[in-house]
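Novice: Below are the structure tokens for one structure; questions will follow.
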Amino acid sequence: MERYEHKKVEDKWRKKWIEANVYKTTEDSDKEKFYILDMFPYPSGAGLHVGHPKGYIATDIISRYKKMNNFNVLHPMGWDAFGLPAEQHALKNKVHPRIGTDENIKTFKKQLEKISLNYDWEREISTTDPEFYKWTQWAFIQMYKKGLVYQSNEPINWCPSCKTGLANEDLENGACERCDTPIEKKKIPQWVIKITDYADRLLEDLDKLNWQEHIKELQRNWIGRSEGANISFKVKSEKLKDEEIEVFTTRPDTLYGATYMVLAPEHELINNEKLKIKNWSEVVAYQKEASKKTEIERTAEGREKTGVRLEGVMAVNPVNDEEIPIFIADYVLADYGTGAIMAVPAHDERDFEFAQKYNIEIKPVVLKKDEKARSVLMGIKNISEDDLSKIGVEIVEKKDDRYHVFIPFNKIEEYKELIRKKMENHFWNEFYTGKKFYFIFKHKDGKIEEFELNSDTNDQIDAYGMTFNDEQVKEKPENVYGWLAKNDFYKELLLSTDRGVMINSQEFDGMDSEEAKEKITKKAGGKMTTSYKLRDWVFSRQRYWGEPIPLIHCDKCGVVTVPEDELPLELPEVESYEPTGTGESPLAAIDEWVNTTCPECGGSAKRETNTMPQWAGSSWYYLRYIDPKNDKALVDKDKEKYWSPVDFYVGGAEHATRHLIYARFWHKFLYDIGVVNYDEPFSKLQTVGLIMAEDGRKMSKRWGNVINPDDVIERFGSDTFRLYEMFMGPFDASIAWSTEGLVGPRKFLEKIWKSYQSGYVGTETSENLKKTLHKTIKKVGEDIEEMKYNTAISAMMVLANQLENEKNMSKEDFGKLLKILSPFAPHMTQELWSQMGNDTFLVEETWPEYDEKYLSDDEITLVVQVNGKVRDKITVSADITEDEAKEKALESEKVQKYIGDKEIKKIIFVPGKLISIVV
RNA sequence: GCCUCGGUGGCGGAAUUGGUAGACGCGUUGGACUCAAAAUCCAAUGUUCGCAAGAACGUGAGAGUUCAAGUCUCUCCCGAGGCACCA
């Protein structure tokens, strides 16, 4: 009997497939297309580890499956090869980054070929290839022409270790995503792309994508849309009359509670000399301090808020003309909203903290809706607990001289009556009715006065409150809500961030706060607007190994784009790739490249020396596979129409808010200028789970726990490797590698090999085995479509086990088995297929159909439950009627034992499943 | 703090969407073959009690709905990922 030697089998077929060019994608086909794509890798020096191919194997399986189902499949691969590691390597070894990059690509490709992934290598691309990045530059120029690119001098995120500016997406907790170095703010001129112009579309179009909900949610959060209002406050100082500051707020309903205003330290108005800020030096000192801080220092958890008041300047609240102080504080961010806020300490935790520190008034304007009325009850000498419980009042806290109580809404009148009768003289009681506060004053002589708290009664209540406490009446009355909020029992109602009922807000009192939002905004002369967390895309990098930005600076004409017929603008050779760290790229040192002529006026001009971020090429690479050699256009329109969009995109979840946002943006732009026919690039997205090391940690050179696929393939074979990675568990789960675990899939392959070599094939297939076979055909097809490979493989294992037991199968049926296994284990199945006398390639064969008649069983096992517990299992024919089933179930001795002489109350029959008897 | 997933044997994981919990694989134990070992094959393998037949318990914890809950509802605990001074 011939032994299964994986090496021999796999080498043989790998060679034959390449010779026969079976993976080539044919154009102009009448077949339905299917574009399946992997996120292309960065070819690192370390080569592949076993985690990389997991996604590639999955797409390979789908690709083969779709081909066998008569689809025209596009399944390409390429290289995302610009980036820092190649440059770092070049610096260290004094070779051009291109050399290292090319070597790495070669290694990666060799490794991938060993797995026999059916990529059409004729469509291979690399982002570093000038013929490719020509079109990255071209798209950038189109964006520039459409006004989507602007130069910014705002301070940007700067990584002092990578010596380059970074986009918001490149940060992780305030540090560089690559090297973990804390980010500094640095002022250097930057090219920025207005991705925020697309924020709404990026958000809304998520709804039409067939992506995992969890990834869409990440994008929604990243875009971070919030509805709110822009409202202007007049600014007053000695000299200044007409200046205004606009704030952004999501809570315009709380405008009456705005007791101060805060500007970001970088806010431009501060530098307006007319403000006549009296403590100018203090303000400047604070600005300086703030600019020095790293992102991490600024946002460190638990950090106390700081700020400086602008002395001699006040803002005027547009709805009640109240003058409020203005502060600068770094808890307000310059680049979100308008860089200025109205601070409402009563309904915002940060403002509350700041107000407490700087002793600013806290004025509640929204009363939280509560389930119960509540009160702090004093003067209780004559009030017994019994008195209270009789009318349903619940004591939540008891102190010597007071109760904190909840009052049912329908007992409020009884409660009032009790207070009037039994509260001691010279006390008052206030309680919250669910909508407002109500006061009952009992004077020394027993006279009773009652008030609802509102702006008319506020002063009177405040005055009574004072005299009852034997204090002097104040000259200026206080806000009663303010002193009520000092009591913790009321604080949670008055100082909450929830929606509720308006109070303390003149004509809006009593209104629902949601409803008040728009009305108060209107009264304030503001307008409803939307703000986003998403920032514009900082697009300049001060490094060498990236696409040169195709712009020219001319003294006369300003910034001019490089003429399109001069593209690609190639990276020049340079002596030193070393980043300068000054904010200039290494390209700035090459005079003969930098100095050029202006394409508009012909005068002398200088080239832009920054390069593009690594995300540029990957934002559109998937389009180039459709038409990789086209030198007239980014992609041919007809070809694009046929192949786009990508039907299935597979890659790591870590790209959810980076690559996948940039690519969607880039694609929408290309759609807007008519280059592509669809406004979303990837209709279905599936994320791959990580493969962890055997020790449960991430695979990393640092831990020395990396598993190289070459070693695995050498020992177990590529087919086993492929099967194992798919069998490990759910595709998107991250699971630890187990070398022991490889034995299972290997044994499974050997079982099938042996079944053939032992002569089990060629005779009859039993009825039973036929049933399993057809059920398996159905299941494997369905599971592939849903990427449930682990269960597909286990179903085939069941089939193989049964074949081994029965030792008989027809040639035709065994062929079907080989076909459904072939996407998973292409080499061994192909060898057996050929040994059976076939001279075709399995990948070019047709996927077998299952026969409905084998899917249902004639006899089934019916579970019999008594009171919900399984007591017996009876074998019956599949089409048994309810009455027959009941009769049979009751005949069972075991069942009778549990029924005994008890009365049968109910019998439930679930066809094909169970019968449940309730006694 | 907020958002999104998860929690099932010694381990990776199944479970037709409310209907036999633990498929399939690994590991472990026993047996066959062998001078022996490896490989292979057969059998057992959730826990507890029991010689056995069998019984009870069992899907993070607690309650609830139901004839029936891993699956639905509520409360809580733990873990992973993401966001985080975003007004």
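Residue numbers start at 1 in each chain; chains themselves are named A, B, ... in the order of the structure tokens; ligands are numbered from 1 in the order shown.
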Might you pull out every residue within 10 Å of Glu893 (chain A), with only C-alpha atoms (C1' of nucleotides) counted and same-chain residues fewer than 5 positions away left off, and present them as a PDB file with all heavy atoms, in the first residue's frame?

Specialist:
ATOM      1  N   ARG A 871     -36.523  10.895  29.865  1.00  0.00           N
ATOM      2  CA  ARG A 871     -36.686   9.600  30.520  1.00  0.00           C
ATOM      3  C   ARG A 871     -36.509   8.438  29.572  1.00  0.00           C
ATOM      4  O   ARG A 871     -36.227   7.330  29.993  1.00  0.00           O
ATOM      5  CB  ARG A 871     -38.074   9.525  31.179  1.00  0.00           C
ATOM      6  CG  ARG A 871     -38.255  10.493  32.331  1.00  0.00           C
ATOM      7  CD  ARG A 871     -37.157  10.337  33.361  1.00  0.00           C
ATOM      8  NE  ARG A 871     -37.377  11.238  34.484  1.00  0.00           N
ATOM      9  CZ  ARG A 871     -36.505  11.446  35.456  1.00  0.00           C
ATOM     10  NH1 ARG A 871     -35.330  10.834  35.423  1.00  0.00           N
ATOM     11  NH2 ARG A 871     -36.771  12.271  36.444  1.00  0.00           N
ATOM     12  N   ASP A 872     -36.704   8.661  28.286  1.00  0.00           N
ATOM     13  CA  ASP A 872     -36.528   7.572  27.339  1.00  0.00           C
ATOM     14  C   ASP A 872     -36.331   8.140  25.945  1.00  0.00           C
ATOM     15  O   ASP A 872     -36.637   9.310  25.690  1.00  0.00           O
ATOM     16  CB  ASP A 872     -37.766   6.651  27.355  1.00  0.00           C
ATOM     17  CG  ASP A 872     -37.414   5.276  26.792  1.00  0.00           C
ATOM     18  OD1 ASP A 872     -36.240   5.041  26.463  1.00  0.00           O
ATOM     19  OD2 ASP A 872     -38.337   4.442  26.682  1.00  0.00           O
ATOM     20  N   TYR A 898     -42.152   6.778  35.597  1.00  0.00           N
ATOM     21  CA  TYR A 898     -42.121   8.149  36.107  1.00  0.00           C
ATOM     22  C   TYR A 898     -43.490   8.796  36.151  1.00  0.00           C
ATOM     23  O   TYR A 898     -43.708   9.746  36.893  1.00  0.00           O
ATOM     24  CB  TYR A 898     -41.146   9.009  35.277  1.00  0.00           C
ATOM     25  CG  TYR A 898     -39.733   8.667  35.629  1.00  0.00           C
ATOM     26  CD1 TYR A 898     -39.015   7.735  34.889  1.00  0.00           C
ATOM     27  CD2 TYR A 898     -39.138   9.222  36.762  1.00  0.00           C
ATOM     28  CE1 TYR A 898     -37.738   7.390  35.232  1.00  0.00           C
ATOM     29  CE2 TYR A 898     -37.859   8.873  37.119  1.00  0.00           C
ATOM     30  CZ  TYR A 898     -37.151   7.949  36.353  1.00  0.00           C
ATOM     31  OH  TYR A 898     -35.886   7.600  36.720  1.00  0.00           O
ATOM     32  N   ILE A 899     -44.390   8.267  35.333  1.00  0.00           N
ATOM     33  CA  ILE A 899     -45.747   8.805  35.408  1.00  0.00           C
ATOM     34  C   ILE A 899     -46.453   8.223  36.632  1.00  0.00           C
ATOM     35  O   ILE A 899     -47.094   8.936  37.389  1.00  0.00           O
ATOM     36  CB  ILE A 899     -46.540   8.472  34.124  1.00  0.00           C
ATOM     37  CG1 ILE A 899     -45.894   9.161  32.925  1.00  0.00           C
ATOM     38  CG2 ILE A 899     -47.982   8.933  34.268  1.00  0.00           C
ATOM     39  CD1 ILE A 899     -46.540   8.803  31.600  1.00  0.00           C
TER      40      ILE A 899
END

Novice: Please identify every residue of chain A that has at least one atom no more than 6 Å from any atom of chain B, counting only C-alpha atoms (C1' of nucleotides), and report them as a PyMOL selection string.

Specialist: chain A and resi 214+249+331+533+741+744+794+868+918

Novice: How would the residues just chosen look if you wrote them out with C-alpha atoms as a PDB file, in the first residue's frame?

Specialist:
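Result file follows (result31.pdb):
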ATOM      1  CA  HIS A 214     -18.782  45.240  15.845  1.00  0.00           C
ATOM      2  CA  THR A 249     -22.526  72.468  22.901  1.00  0.00           C
ATOM      3  CA  TYR A 331      -9.464  70.549  29.324  1.00  0.00           C
ATOM      4  CA  LYS A 533     -14.508  63.352  16.659  1.00  0.00           C
ATOM      5  CA  GLY A 741      -3.327  19.736  17.669  1.00  0.00           C
ATOM      6  CA  GLY A 744      -5.905  15.504  14.274  1.00  0.00           C
ATOM      7  CA  SER A 794     -15.664  18.211  11.529  1.00  0.00           C
ATOM      8  CA  GLY A 868     -38.999  18.302  31.505  1.00  0.00           C
ATOM      9  CA  VAL A 918     -46.487  16.917  32.036  1.00  0.00           C
TER      10      VAL A 918
END

Novice: Considering only strand (DSSP E or B) as DSSP defines it on the backbone, what residues of region 611-852 of chain A qualify? List them as a list in words.

Specialist: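 DSSP-assigned strand (DSSP E or B) residues in region 611-852 of chain A: Thr611, Val646, Phe648, Tyr649, Val650, Gly651, Gly652, Phe682, Lys684, Leu685, Gln686, Thr687, Val688, Ile691, Met692, Ile735, Ala736, Val761 and Met809 of chain A.
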
Novice: Do a neighbour search on region 595-603 of chain A at 8 Å with only C-alpha atoms (C1' of nucleotides), toss out local chain neighbours closer than 6 positions, and write the hits as a short mmCIF file (atom, residue, chain, number, x, y, z; two decimals) with N, CA and C atoms, in the first residue's frame.

Specialist:
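Listing of selection-v8.cif after writing:
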data_model
loop_
_atom_site.label_atom_id
_atom_site.label_comp_id
_atom_site.auth_asym_id
_atom_site.auth_seq_id
_atom_site.Cartn_x
_atom_site.Cartn_y
_atom_site.Cartn_z
N ILE A 552 4.48 71.74 -5.90
CA ILE A 552 5.63 72.62 -6.12
C ILE A 552 5.30 73.98 -5.53
N HIS A 553 6.27 74.55 -4.80
CA HIS A 553 6.08 75.87 -4.20
C HIS A 553 6.77 76.91 -5.08
N CYS A 554 5.95 77.84 -5.57
CA CYS A 554 6.50 78.89 -6.43
C CYS A 554 6.24 80.23 -5.75
N LYS A 556 5.90 83.10 -7.02
CA LYS A 556 4.91 83.91 -7.73
C LYS A 556 3.52 83.28 -7.72
N CYS A 557 3.47 81.98 -8.06
CA CYS A 557 2.18 81.33 -8.29
C CYS A 557 1.65 80.62 -7.04
N VAL A 560 1.61 74.86 -6.57
CA VAL A 560 1.18 74.37 -7.88
C VAL A 560 1.33 72.85 -7.90
N VAL A 562 2.18 69.19 -9.54
CA VAL A 562 3.05 68.64 -10.58
C VAL A 562 2.16 68.23 -11.75
N PRO A 563 2.54 68.62 -12.98
CA PRO A 563 1.69 68.27 -14.14
C PRO A 563 1.51 66.76 -14.23
#

Novice: Neighbouring residues of G31 (chain B) were defined as those with any atom within 12 Å, considering only C-alpha atoms (C1' of nucleotides); residues of the same chain fewer than 5 positions away were excluded. Please report them as JSON, numbers by chain.

Specialist: {"B": [41, 42, 43, 44]}

Novice: Can you tell me, as number ranges by chain, what residues are no more than 8 Å from region 348-361 of chain A when counting only C-alpha atoms (C1' of nucleotides), ignoring any on the same chain fewer than 5 positions away?

Specialist: A: 259-260, 305-306, 343, 496-497; B: 85

Novice: Just how far from CA of Phe248 (chain A) is CA of Gly525 (chain A), in Å to one decimal?

Specialist: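 Going from CA of Gly525 (chain A) over to CA of Phe248 (chain A), I get 13.2 Å.
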
Novice: When distances are computed from only C-alpha atoms, which of A:Ile156, A:Ile231, A:Ile125, A:Ile419 shows the smallest separation from Pro252 (chain A)?

Specialist: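 Checking each candidate against Pro252 (chain A), we get A:Ile231 as the closest.
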
Novice: Which residues come within 8 Å of region 58-62 of chain B, counting only C-alpha atoms (C1' of nucleotides), excluding same-chain residues fewer than 5 positions away, as a list in words?

Specialist: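 Result of the neighbour search: G7, U8, A21, G46, U47, G70, U75, C76, C77 and C78 of chain B.
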
Novice: Take CA of Lys637 (chain A) and CA of Gly674 (chain A) and report the distance between them in Å, one decimal.

Specialist: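 So the answer is 9.1 Å.
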